[in-house]
>>> print(open('start-v3.pdb').read())   # PDB, C-alpha atoms
MODEL        1
ATOM      1  CA  MET A   1       0.000   0.000   0.000
ATOM      2  CA  GLN A   2       2.779   2.420   0.910
ATOM      3  CA  GLN A   3       4.624   1.634  -2.326
ATOM      4  CA  ASP A   4       1.435   2.268  -4.301
ATOM      5  CA  LEU A   5       1.030   5.671  -2.647
ATOM      6  CA  GLU A   6       4.679   6.546  -3.270
ATOM      7  CA  ARG A   7       4.322   5.660  -6.937
ATOM      8  CA  VAL A   8       1.164   7.753  -7.295
ATOM      9  CA  ALA A   9       2.919  10.691  -5.604
ATOM     10  CA  ARG A  10       6.072  10.616  -7.716
ATOM     11  CA  ASN A  11       7.031  14.076  -9.010
ATOM     12  CA  ARG A  12       8.045  13.756 -12.641
ATOM     13  CA  TYR A  13      10.485  16.646 -12.981
ATOM     14  CA  GLY A  14      11.408  15.632 -16.512
ATOM     15  CA  LEU A  15       7.923  16.637 -17.655
ATOM     16  CA  TRP A  16       8.276  20.151 -16.316
ATOM     17  CA  ILE A  17      11.770  20.535 -17.749
ATOM     18  CA  SER A  18      10.583  19.335 -21.143
ATOM     19  CA  SER A  19       7.601  21.727 -21.030
ATOM     20  CA  LEU A  20       9.867  24.689 -20.262
ATOM     21  CA  LEU A  21      12.277  23.635 -22.991
ATOM     22  CA  LEU A  22       9.355  23.401 -25.405
ATOM     23  CA  ILE A  23       8.403  27.022 -24.708
ATOM     24  CA  LEU A  24      12.002  28.188 -25.168
ATOM     25  CA  ALA A  25      12.512  26.080 -28.290
ATOM     26  CA  LEU A  26       9.326  27.394 -29.879
ATOM     27  CA  ALA A  27      10.491  30.946 -29.210
ATOM     28  CA  GLY A  28      13.720  30.060 -31.003
ATOM     29  CA  PHE A  29      11.710  28.501 -33.827
ATOM     30  CA  VAL A  30       9.762  31.727 -34.298
ATOM     31  CA  ALA A  31      12.966  33.800 -34.251
ATOM     32  CA  LEU A  32      14.568  31.593 -36.891
ATOM     33  CA  ALA A  33      11.447  31.734 -39.045
ATOM     34  CA  ILE A  34      11.291  35.521 -38.862
ATOM     35  CA  TYR A  35      14.945  36.415 -39.288
ATOM     36  CA  PHE A  36      16.572  33.580 -41.223
ATOM     37  CA  ALA A  37      14.104  31.326 -43.043
ATOM     38  CA  PRO A  38      12.578  33.859 -45.500
ATOM     39  CA  GLN A  39      15.757  34.131 -47.562
ATOM     40  CA  TYR A  40      15.800  30.356 -48.079
ATOM     41  CA  VAL A  41      12.130  29.866 -48.956
ATOM     42  CA  ALA A  42      11.557  33.013 -51.003
ATOM     43  CA  GLY A  43      11.688  31.015 -54.227
ATOM     44  CA  LEU A  44       9.251  28.313 -53.165
ATOM     45  CA  THR A  45       5.871  28.195 -54.899
ATOM     46  CA  GLY A  46       2.935  25.834 -55.246
ATOM     47  CA  TRP A  47       3.382  22.372 -53.808
ATOM     48  CA  GLN A  48       6.857  23.211 -52.498
ATOM     49  CA  LEU A  49       5.514  26.027 -50.336
ATOM     50  CA  LEU A  50       2.625  23.805 -49.215
ATOM     51  CA  ALA A  51       5.004  20.978 -48.283
ATOM     52  CA  PHE A  52       7.209  23.387 -46.365
ATOM     53  CA  GLY A  53       4.185  24.738 -44.512
ATOM     54  CA  LEU A  54       3.006  21.253 -43.555
ATOM     55  CA  MET A  55       6.486  20.388 -42.305
ATOM     56  CA  MET A  56       6.516  23.572 -40.249
ATOM     57  CA  ALA A  57       3.115  22.647 -38.767
ATOM     58  CA  LEU A  58       4.713  19.524 -37.286
ATOM     59  CA  VAL A  59       7.593  21.357 -35.590
ATOM     60  CA  PRO A  60       5.865  22.139 -32.225
ATOM     61  CA  ALA A  61       4.705  18.559 -31.679
ATOM     62  CA  PHE A  62       8.059  17.158 -32.809
ATOM     63  CA  LEU A  63       9.950  19.417 -30.399
ATOM     64  CA  TRP A  64       7.799  18.430 -27.444
ATOM     65  CA  LEU A  65       8.014  14.716 -28.202
ATOM     66  CA  VAL A  66      11.821  14.966 -28.474
ATOM     67  CA  PHE A  67      12.184  16.887 -25.213
ATOM     68  CA  PHE A  68       9.774  14.561 -23.462
ATOM     69  CA  TYR A  69      11.728  11.527 -24.673
ATOM     70  CA  LEU A  70      15.032  12.990 -23.490
ATOM     71  CA  GLN A  71      13.830  14.213 -20.107
ATOM     72  CA  ASP A  72      11.383  11.515 -19.022
ATOM     73  CA  ARG A  73      14.019   8.953 -18.017
ATOM     74  CA  LEU A  74      13.365   8.286 -14.350
ATOM     75  CA  ALA A  75       9.992   6.566 -14.788
ATOM     76  CA  PRO A  76       9.160   6.916 -18.456
ATOM     77  CA  GLU A  77       5.772   6.366 -19.995
ATOM     78  CA  PRO A  78       5.621   3.794 -22.803
ATOM     79  CA  LYS A  79       6.409   5.845 -25.889
ATOM     80  CA  GLY A  80       3.791   3.971 -27.896
ATOM     81  CA  ASN A  81       1.111   5.069 -25.415
ATOM     82  CA  VAL A  82       2.131   8.721 -25.599
ATOM     83  CA  PHE A  83       2.309   8.681 -29.391
ATOM     84  CA  GLY A  84      -0.992   6.801 -29.610
ATOM     85  CA  VAL A  85      -2.789   9.434 -27.519
ATOM     86  CA  PHE A  86      -1.162  12.161 -29.643
ATOM     87  CA  VAL A  87      -2.490  10.508 -32.814
ATOM     88  CA  LEU A  88      -5.915   9.943 -31.248
ATOM     89  CA  GLY A  89      -6.158  13.634 -30.329
ATOM     90  CA  GLY A  90      -5.386  14.539 -33.926
ATOM     91  CA  LEU A  91      -7.831  12.022 -35.360
ATOM     92  CA  LEU A  92     -10.671  13.250 -33.143
ATOM     93  CA  ALA A  93      -9.883  16.827 -34.161
ATOM     94  CA  ALA A  94      -9.991  15.974 -37.866
ATOM     95  CA  ALA A  95     -12.939  13.569 -37.789
ATOM     96  CA  ILE A  96     -15.176  15.250 -35.200
ATOM     97  CA  GLY A  97     -13.881  18.514 -33.742
ATOM     98  CA  GLN A  98     -13.349  20.717 -36.769
ATOM     99  CA  PRO A  99     -16.304  19.330 -38.776
ATOM    100  CA  VAL A 100     -18.639  19.969 -35.813
ATOM    101  CA  ILE A 101     -17.331  23.498 -35.322
ATOM    102  CA  GLU A 102     -17.243  24.493 -38.993
ATOM    103  CA  ARG A 103     -20.029  22.470 -40.627
ATOM    104  CA  ILE A 104     -22.629  21.933 -37.927
ATOM    105  CA  PHE A 105     -22.275  25.132 -35.881
ATOM    106  CA  GLN A 106     -20.741  27.090 -38.804
ATOM    107  CA  VAL A 107     -19.235  29.566 -36.362
ATOM    108  CA  GLN A 108     -17.170  31.240 -39.069
ATOM    109  CA  ASP A 109     -20.409  32.640 -40.541
ATOM    110  CA  TRP A 110     -21.793  34.344 -37.437
ATOM    111  CA  MET A 111     -19.379  34.554 -34.527
ATOM    112  CA  TYR A 112     -17.767  37.851 -35.573
ATOM    113  CA  THR A 113     -20.952  39.925 -35.592
ATOM    114  CA  THR A 114     -20.244  41.473 -32.162
ATOM    115  CA  TRP A 115     -17.489  41.057 -29.585
ATOM    116  CA  TRP A 116     -19.754  39.329 -27.065
ATOM    117  CA  VAL A 117     -21.044  36.853 -29.654
ATOM    118  CA  GLN A 118     -17.441  36.095 -30.582
ATOM    119  CA  LEU A 119     -16.545  35.531 -26.928
ATOM    120  CA  LEU A 120     -19.538  33.248 -26.274
ATOM    121  CA  ALA A 121     -18.916  31.258 -29.453
ATOM    122  CA  SER A 122     -15.242  30.929 -28.561
ATOM    123  CA  ILE A 123     -16.138  29.438 -25.177
ATOM    124  CA  LEU A 124     -19.411  27.545 -25.675
ATOM    125  CA  VAL A 125     -18.723  26.094 -29.124
ATOM    126  CA  ILE A 126     -15.019  26.077 -29.970
ATOM    127  CA  GLY A 127     -13.714  25.790 -26.424
ATOM    128  CA  PHE A 128     -16.046  23.025 -25.270
ATOM    129  CA  VAL A 129     -15.744  20.959 -28.457
ATOM    130  CA  GLN A 130     -11.948  21.103 -28.486
ATOM    131  CA  GLU A 131     -11.406  20.473 -24.798
ATOM    132  CA  PHE A 132     -13.963  17.685 -24.548
ATOM    133  CA  LEU A 133     -12.185  15.854 -27.371
ATOM    134  CA  VAL A 134      -8.803  16.321 -25.674
ATOM    135  CA  TYR A 135     -10.377  14.925 -22.504
ATOM    136  CA  ALA A 136     -11.970  12.031 -24.428
ATOM    137  CA  SER A 137      -8.624  11.168 -26.040
ATOM    138  CA  VAL A 138      -7.270  10.293 -22.591
ATOM    139  CA  ARG A 139     -10.377   9.317 -20.633
ATOM    140  CA  TYR A 140     -11.558   6.680 -23.075
ATOM    141  CA  SER A 141      -8.183   5.261 -24.030
ATOM    142  CA  ILE A 142      -5.238   5.163 -21.627
ATOM    143  CA  TYR A 143      -7.029   6.293 -18.455
ATOM    144  CA  ARG A 144      -7.874   2.803 -17.164
ATOM    145  CA  SER A 145      -4.570   1.292 -18.231
ATOM    146  CA  ARG A 146      -2.093   0.079 -15.616
ATOM    147  CA  ASP A 147       0.438   2.413 -17.260
ATOM    148  CA  PHE A 148      -1.595   5.371 -15.972
ATOM    149  CA  ASP A 149      -0.229   4.943 -12.454
ATOM    150  CA  GLU A 150       0.763   8.452 -11.320
ATOM    151  CA  ARG A 151      -1.079  11.752 -10.998
ATOM    152  CA  VAL A 152       1.300  13.447 -13.393
ATOM    153  CA  ASP A 153       0.477  10.865 -16.083
ATOM    154  CA  GLY A 154      -2.766  12.745 -16.648
ATOM    155  CA  VAL A 155      -0.780  15.830 -17.638
ATOM    156  CA  ILE A 156       1.597  13.857 -19.862
ATOM    157  CA  TYR A 157      -1.143  12.154 -21.831
ATOM    158  CA  ALA A 158      -3.404  15.202 -21.964
ATOM    159  CA  ILE A 159      -0.613  17.387 -23.345
ATOM    160  CA  ALA A 160       0.075  14.717 -25.970
ATOM    161  CA  ALA A 161      -3.608  14.780 -26.954
ATOM    162  CA  GLY A 162      -3.675  18.589 -26.956
ATOM    163  CA  LEU A 163      -0.636  18.760 -29.219
ATOM    164  CA  GLY A 164      -2.249  16.202 -31.522
ATOM    165  CA  TYR A 165      -5.274  18.485 -31.754
ATOM    166  CA  ALA A 166      -3.030  21.534 -32.293
ATOM    167  CA  THR A 167      -1.187  19.747 -35.105
ATOM    168  CA  VAL A 168      -4.457  19.238 -36.973
ATOM    169  CA  LEU A 169      -5.320  22.920 -36.471
ATOM    170  CA  ASN A 170      -1.913  23.813 -37.867
ATOM    171  CA  PHE A 171      -2.347  21.525 -40.860
ATOM    172  CA  GLN A 172      -5.740  23.081 -41.507
ATOM    173  CA  TYR A 173      -4.244  26.565 -41.349
ATOM    174  CA  VAL A 174      -1.535  25.641 -43.859
ATOM    175  CA  MET A 175      -3.978  23.986 -46.270
ATOM    176  CA  GLN A 176      -6.395  26.917 -46.149
ATOM    177  CA  HIS A 177      -3.579  29.310 -47.013
ATOM    178  CA  GLY A 178      -1.986  27.132 -49.689
ATOM    179  CA  GLY A 179       1.263  27.228 -47.756
ATOM    180  CA  VAL A 180       2.287  29.938 -45.329
ATOM    181  CA  ASP A 181       4.108  33.179 -44.984
ATOM    182  CA  VAL A 182       7.069  31.860 -43.006
ATOM    183  CA  GLY A 183       7.026  34.408 -40.199
ATOM    184  CA  VAL A 184       3.251  34.591 -39.690
ATOM    185  CA  GLY A 185       2.906  30.836 -40.183
ATOM    186  CA  ALA A 186       5.537  30.035 -37.546
ATOM    187  CA  MET A 187       3.799  32.317 -35.079
ATOM    188  CA  THR A 188       0.390  30.813 -35.766
ATOM    189  CA  VAL A 189       1.472  27.180 -35.315
ATOM    190  CA  THR A 190       3.394  28.186 -32.181
ATOM    191  CA  ILE A 191       0.381  29.935 -30.663
ATOM    192  CA  ASN A 192      -1.809  26.889 -31.317
ATOM    193  CA  ALA A 193       0.704  24.488 -29.777
ATOM    194  CA  LEU A 194       1.440  26.524 -26.655
ATOM    195  CA  ALA A 195      -2.198  27.339 -25.968
ATOM    196  CA  GLN A 196      -3.436  23.777 -26.457
ATOM    197  CA  ALA A 197      -0.649  22.439 -24.229
ATOM    198  CA  GLY A 198      -1.747  24.821 -21.481
ATOM    199  CA  PHE A 199      -5.431  23.876 -21.717
ATOM    200  CA  ALA A 200      -4.530  20.181 -21.831
ATOM    201  CA  GLY A 201      -2.407  20.533 -18.701
ATOM    202  CA  ILE A 202      -5.511  21.645 -16.803
ATOM    203  CA  ILE A 203      -7.539  18.674 -18.031
ATOM    204  CA  GLY A 204      -4.633  16.364 -17.206
ATOM    205  CA  TYR A 205      -4.539  17.607 -13.618
ATOM    206  CA  PHE A 206      -8.247  16.890 -13.145
ATOM    207  CA  LEU A 207      -7.848  13.439 -14.733
ATOM    208  CA  GLY A 208      -4.924  12.581 -12.464
ATOM    209  CA  GLN A 209      -6.810  13.627  -9.352
ATOM    210  CA  ALA A 210      -9.941  11.735 -10.378
ATOM    211  CA  LYS A 211      -7.923   8.565 -10.982
ATOM    212  CA  PHE A 212      -6.244   8.500  -7.565
ATOM    213  CA  GLU A 213      -8.485  10.548  -5.269
ATOM    214  CA  THR A 214     -12.123  10.496  -4.233
ATOM    215  CA  THR A 215     -13.498  13.446  -6.168
ATOM    216  CA  PRO A 216     -17.026  14.848  -6.636
ATOM    217  CA  ARG A 217     -19.035  13.448  -9.561
ATOM    218  CA  TYR A 218     -18.812  16.789 -11.330
ATOM    219  CA  TRP A 219     -14.997  16.926 -11.005
ATOM    220  CA  LEU A 220     -14.063  15.890 -14.551
ATOM    221  CA  ALA A 221     -16.841  18.022 -16.050
ATOM    222  CA  LEU A 222     -15.457  20.949 -14.055
ATOM    223  CA  GLY A 223     -11.981  20.342 -15.494
ATOM    224  CA  VAL A 224     -13.291  20.319 -19.070
ATOM    225  CA  ALA A 225     -15.401  23.423 -18.416
ATOM    226  CA  LEU A 226     -12.470  25.331 -16.909
ATOM    227  CA  ALA A 227     -10.219  24.430 -19.853
ATOM    228  CA  ALA A 228     -12.978  25.386 -22.311
ATOM    229  CA  VAL A 229     -13.519  28.787 -20.700
ATOM    230  CA  LEU A 230      -9.779  29.516 -20.731
ATOM    231  CA  ASN A 231      -9.610  28.316 -24.340
ATOM    232  CA  GLY A 232     -12.358  30.659 -25.439
ATOM    233  CA  VAL A 233     -11.107  33.643 -23.460
ATOM    234  CA  PHE A 234      -7.518  33.119 -24.583
ATOM    235  CA  PHE A 235      -8.247  32.966 -28.309
ATOM    236  CA  PHE A 236     -10.685  35.871 -28.002
ATOM    237  CA  LEU A 237      -7.966  37.980 -26.347
ATOM    238  CA  GLU A 238      -5.352  36.677 -28.766
ATOM    239  CA  ASP A 239      -7.537  37.843 -31.638
ATOM    240  CA  GLN A 240      -7.858  41.270 -30.022
ATOM    241  CA  VAL A 241      -4.118  41.760 -29.421
ATOM    242  CA  THR A 242      -2.979  40.424 -32.793
ATOM    243  CA  MET A 243      -5.443  42.394 -34.902
ATOM    244  CA  ARG A 244      -5.131  46.169 -34.684
ATOM    245  CA  GLY A 245      -7.183  47.538 -37.482
ATOM    246  CA  LEU A 246      -5.253  46.557 -40.614
ATOM    247  CA  SER A 247      -2.034  45.937 -38.707
ATOM    248  CA  PHE A 248      -1.458  42.225 -38.060
ATOM    249  CA  THR A 249       0.968  41.699 -35.187
ATOM    250  CA  PRO A 250       1.051  37.950 -34.450
ATOM    251  CA  LEU A 251       4.234  38.293 -32.382
ATOM    252  CA  ASN A 252       2.016  39.676 -29.603
ATOM    253  CA  GLY A 253       0.046  36.447 -29.780
ATOM    254  CA  VAL A 254       3.190  34.351 -29.413
ATOM    255  CA  ILE A 255       4.233  36.302 -26.317
ATOM    256  CA  LEU A 256       0.733  35.971 -24.858
ATOM    257  CA  ALA A 257       0.666  32.217 -25.599
ATOM    258  CA  GLY A 258       4.119  31.660 -24.106
ATOM    259  CA  VAL A 259       3.300  33.496 -20.895
ATOM    260  CA  PHE A 260      -0.075  31.781 -20.687
ATOM    261  CA  ALA A 261       1.365  28.277 -21.139
ATOM    262  CA  PHE A 262       4.129  28.923 -18.615
ATOM    263  CA  VAL A 263       1.736  30.249 -15.958
ATOM    264  CA  ILE A 264      -0.840  27.485 -16.456
ATOM    265  CA  LEU A 265       1.713  24.670 -16.355
ATOM    266  CA  ALA A 266       3.401  26.236 -13.305
ATOM    267  CA  ILE A 267       0.045  26.295 -11.492
ATOM    268  CA  VAL A 268      -0.655  22.691 -12.496
ATOM    269  CA  PHE A 269       2.819  21.652 -11.298
ATOM    270  CA  PHE A 270       2.228  23.380  -7.961
ATOM    271  CA  LEU A 271      -1.153  21.698  -7.462
ATOM    272  CA  ILE A 272       0.229  18.261  -8.270
ATOM    273  CA  ARG A 273       3.216  18.731  -5.970
ATOM    274  CA  ARG A 274       0.873  19.750  -3.151
ATOM    275  CA  ALA A 275      -1.340  16.710  -3.738
ATOM    276  CA  ASN A 276       1.735  14.472  -3.924
ATOM    277  CA  ALA A 277       3.043  15.894  -0.631
ATOM    278  CA  GLU A 278      -0.267  15.071   1.055
ATOM    279  CA  THR A 279      -0.151  11.534  -0.331
ATOM    280  CA  MET A 280       3.416  11.032   0.880
ATOM    281  CA  ALA A 281       2.409  12.245   4.344
ATOM    282  CA  ILE A 282      -0.278   9.544   4.397
ATOM    283  CA  ALA A 283       2.263   6.955   3.239
ATOM    284  CA  ARG A 284       4.674   7.913   6.011
ATOM    285  CA  MET A 285       1.903   7.701   8.603
ATOM    286  CA  GLN A 286       0.964   4.222   7.386
ATOM    287  CA  ALA A 287       4.602   3.138   7.562
ATOM    288  CA  LYS A 288       4.900   4.022  11.244
ATOM    289  CA  PRO A 289       4.238   1.402  13.944
ATOM    290  CA  PRO A 290       0.736   1.767  15.425
ATOM    291  CA  SER A 291       2.099   3.247  18.679
ATOM    292  CA  GLN A 292       4.014   5.984  16.838
ATOM    293  CA  ALA A 293       1.126   6.720  14.485
ATOM    294  CA  ALA A 294      -1.178   7.162  17.473
ATOM    295  CA  GLY A 295       1.283   9.487  19.147
TER     296      GLY A 295
ENDMDL
END
>>> encode(input="start-v3.pdb", output="structure tokens")
Amino acid sequence: MQQDLERVARNRYGLWISSLLLILALAGFVALAIYFAPQYVAGLTGWQLLAFGLMMALVPAFLWLVFFYLQDRLAPEPKGNVFGVFVLGGLLAAAIGQPVIERIFQVQDWMYTTWWVQLLASILVIGFVQEFLVYASVRYSIYRSRDFDERVDGVIYAIAAGLGYATVLNFQYVMQHGGVDVGVGAMTVTINALAQAGFAGIIGYFLGQAKFETTPRYWLALGVALAAVLNGVFFFLEDQVTMRGLSFTPLNGVILAGVFAFVILAIVFFLIRRANAETMAIARMQAKPPSQAAG
């Protein structure tokens, strides 16, 4: 019993290091795209530009998977599980999420009429659809597996699902634009990846707690709702700070996304560490002889 509690309460520092490295690496990716890449891709047209854009859309997910693989050495998750959840998040985005948002709700036709309609649509339609599917990618796949044996596993798998969803959004962006302007494209795919990782971290925390703690029946619904609200508010604000009349300034969105992801993941890390500390205190109490525990 004590060993089970100690395993549940393990702090996976590699995850937090890899998340921080992801944020820094994506900032470097944007800088390279703005200042160095244009001179090398200026001559690309047609399918070449499209292929380059699709490759660029994969960069955020590739960076995170590499950093996760390098840092998660102490008690690593099976790589096939992580990659499978990543793929599942992308498949649900392509098969359900985006078709529901764009074809059933058709938000692109009405959400920009007023600012408050845009905000409500961002939360109640886009936010809830996206975050429920990220949640479903974990809850109905790896959640009941014996490999999901620590609180922090919820964050690991949820971030993988969120990045899978973000990759589909990035692919969609590239296809709709027939390729990308290198600088703006790099910023857009970076914003999507950072934001979705942050939202997914919240869902992952709620999943981890629900797996190993006695939580209220509404607990998981609360986690999805919180992530959905933050999703909608974030992209509403991101739209406001990146569009100033006719002046498009996506770099502001990258800064906002980076700060947002860092703050959200730091809060999630703090909450998990606090829960792990409480679990370890219980484990130590159980390890004491009855006379000492009573005293």
>>> atom_distance(input="start-v3.pdb", atom1="CA of Leu58 in chain A", atom2="CA of Asn231 in chain A")
21.2 Å
>>> closest_residue(input="start-v3.pdb", among="A:Leu163, A:Leu32, A:Leu92, A:Leu256", to="Ser137 in chain A", atoms="all atoms listed in the file")
A:Leu92
>>> residues_around(input="start-v3.pdb", residues="range 115-118 of chain A", least_positions_apart="5", cutoff="12 Å", atoms="all atoms listed in the file", output="short mmCIF file (atom, residue, chain, number, x, y, z; two decimals) with C-alpha atoms, in the frame of the given file")
data_model
loop_
_atom_site.label_atom_id
_atom_site.label_comp_id
_atom_site.auth_asym_id
_atom_site.auth_seq_id
_atom_site.Cartn_x
_atom_site.Cartn_y
_atom_site.Cartn_z
CA VAL A 107 -19.24 29.57 -36.36
CA GLN A 108 -17.17 31.24 -39.07
CA ASP A 109 -20.41 32.64 -40.54
CA TRP A 110 -21.79 34.34 -37.44
CA ILE A 123 -16.14 29.44 -25.18
CA LEU A 124 -19.41 27.54 -25.68
CA VAL A 125 -18.72 26.09 -29.12
CA ILE A 126 -15.02 26.08 -29.97
CA GLY A 127 -13.71 25.79 -26.42
CA GLY A 232 -12.36 30.66 -25.44
CA VAL A 233 -11.11 33.64 -23.46
CA PHE A 234 -7.52 33.12 -24.58
CA PHE A 235 -8.25 32.97 -28.31
CA PHE A 236 -10.68 35.87 -28.00
CA LEU A 237 -7.97 37.98 -26.35
CA ASP A 239 -7.54 37.84 -31.64
CA GLN A 240 -7.86 41.27 -30.02
#
>>> resolve_selection(input="start-v3.pdb", expression="the PyMOL selection byres ((chain A and resi 215-225) around 12)", output="NGL selection string")
:A and (123-136 or 138-139 or 154 or 158 or 199-214 or 226-232 or 268)
>>> resolve_selection(input="start-v3.pdb", expression="the PyMOL selection byres ((chain A and resi 88) around 9)", output="ChimeraX atom specification")
/A:83-87,89-93,134,137-138,141,161,164-165
>>> atom_distance(input="start-v3.pdb", atom1="CA of Ser145 in chain A", atom2="CA of Phe262 in chain A")
29.0 Å
>>> axis_aligned_box(input="start-v3.pdb", around="range 123-127 of chain A", padding_each_side="8 Å", output="AutoDock Vina command-line options")
--center_x -16.6 --center_y 27.6 --center_z -27.6 --size_x 21.7 --size_y 19.6 --size_z 20.8
>>> atom_distance(input="start-v3.pdb", atom1="CA of Tyr112 in chain A", atom2="CA of Tyr173 in chain A")
18.5 Å
>>> resolve_selection(input="start-v3.pdb", expression="the PyMOL selection byres ((chain A and resi 170) around 10)", output="list of chain:residue names")
A:Gly53, A:Leu54, A:Met56, A:Ala57, A:Leu58, A:Pro60, A:Gly164, A:Tyr165, A:Ala166, A:Thr167, A:Val168, A:Leu169, A:Phe171, A:Gln172, A:Tyr173, A:Val174, A:Met175, A:Gln176, A:Gly185, A:Ala186, A:Thr188, A:Val189, A:Thr190, A:Ile191, A:Asn192, A:Ala193
>>> closest_residue(input="start-v3.pdb", among="A:Val182, A:Ile101, A:Val259, A:Val82", to="Phe36 in chain A", atoms="all atoms listed in the file")
A:Val182
>>> closest_residue(input="start-v3.pdb", among="A:Gly198, A:Gly183, A:Pro78, A:Gly178", to="Ala37 in chain A", atoms="only C-alpha atoms")
A:Gly183
>>> closest_residue(input="start-v3.pdb", among="A:Glu238, A:Ala257, A:Ile156, A:Gly162", to="Ala27 in chain A", atoms="only C-alpha atoms")
A:Ala257
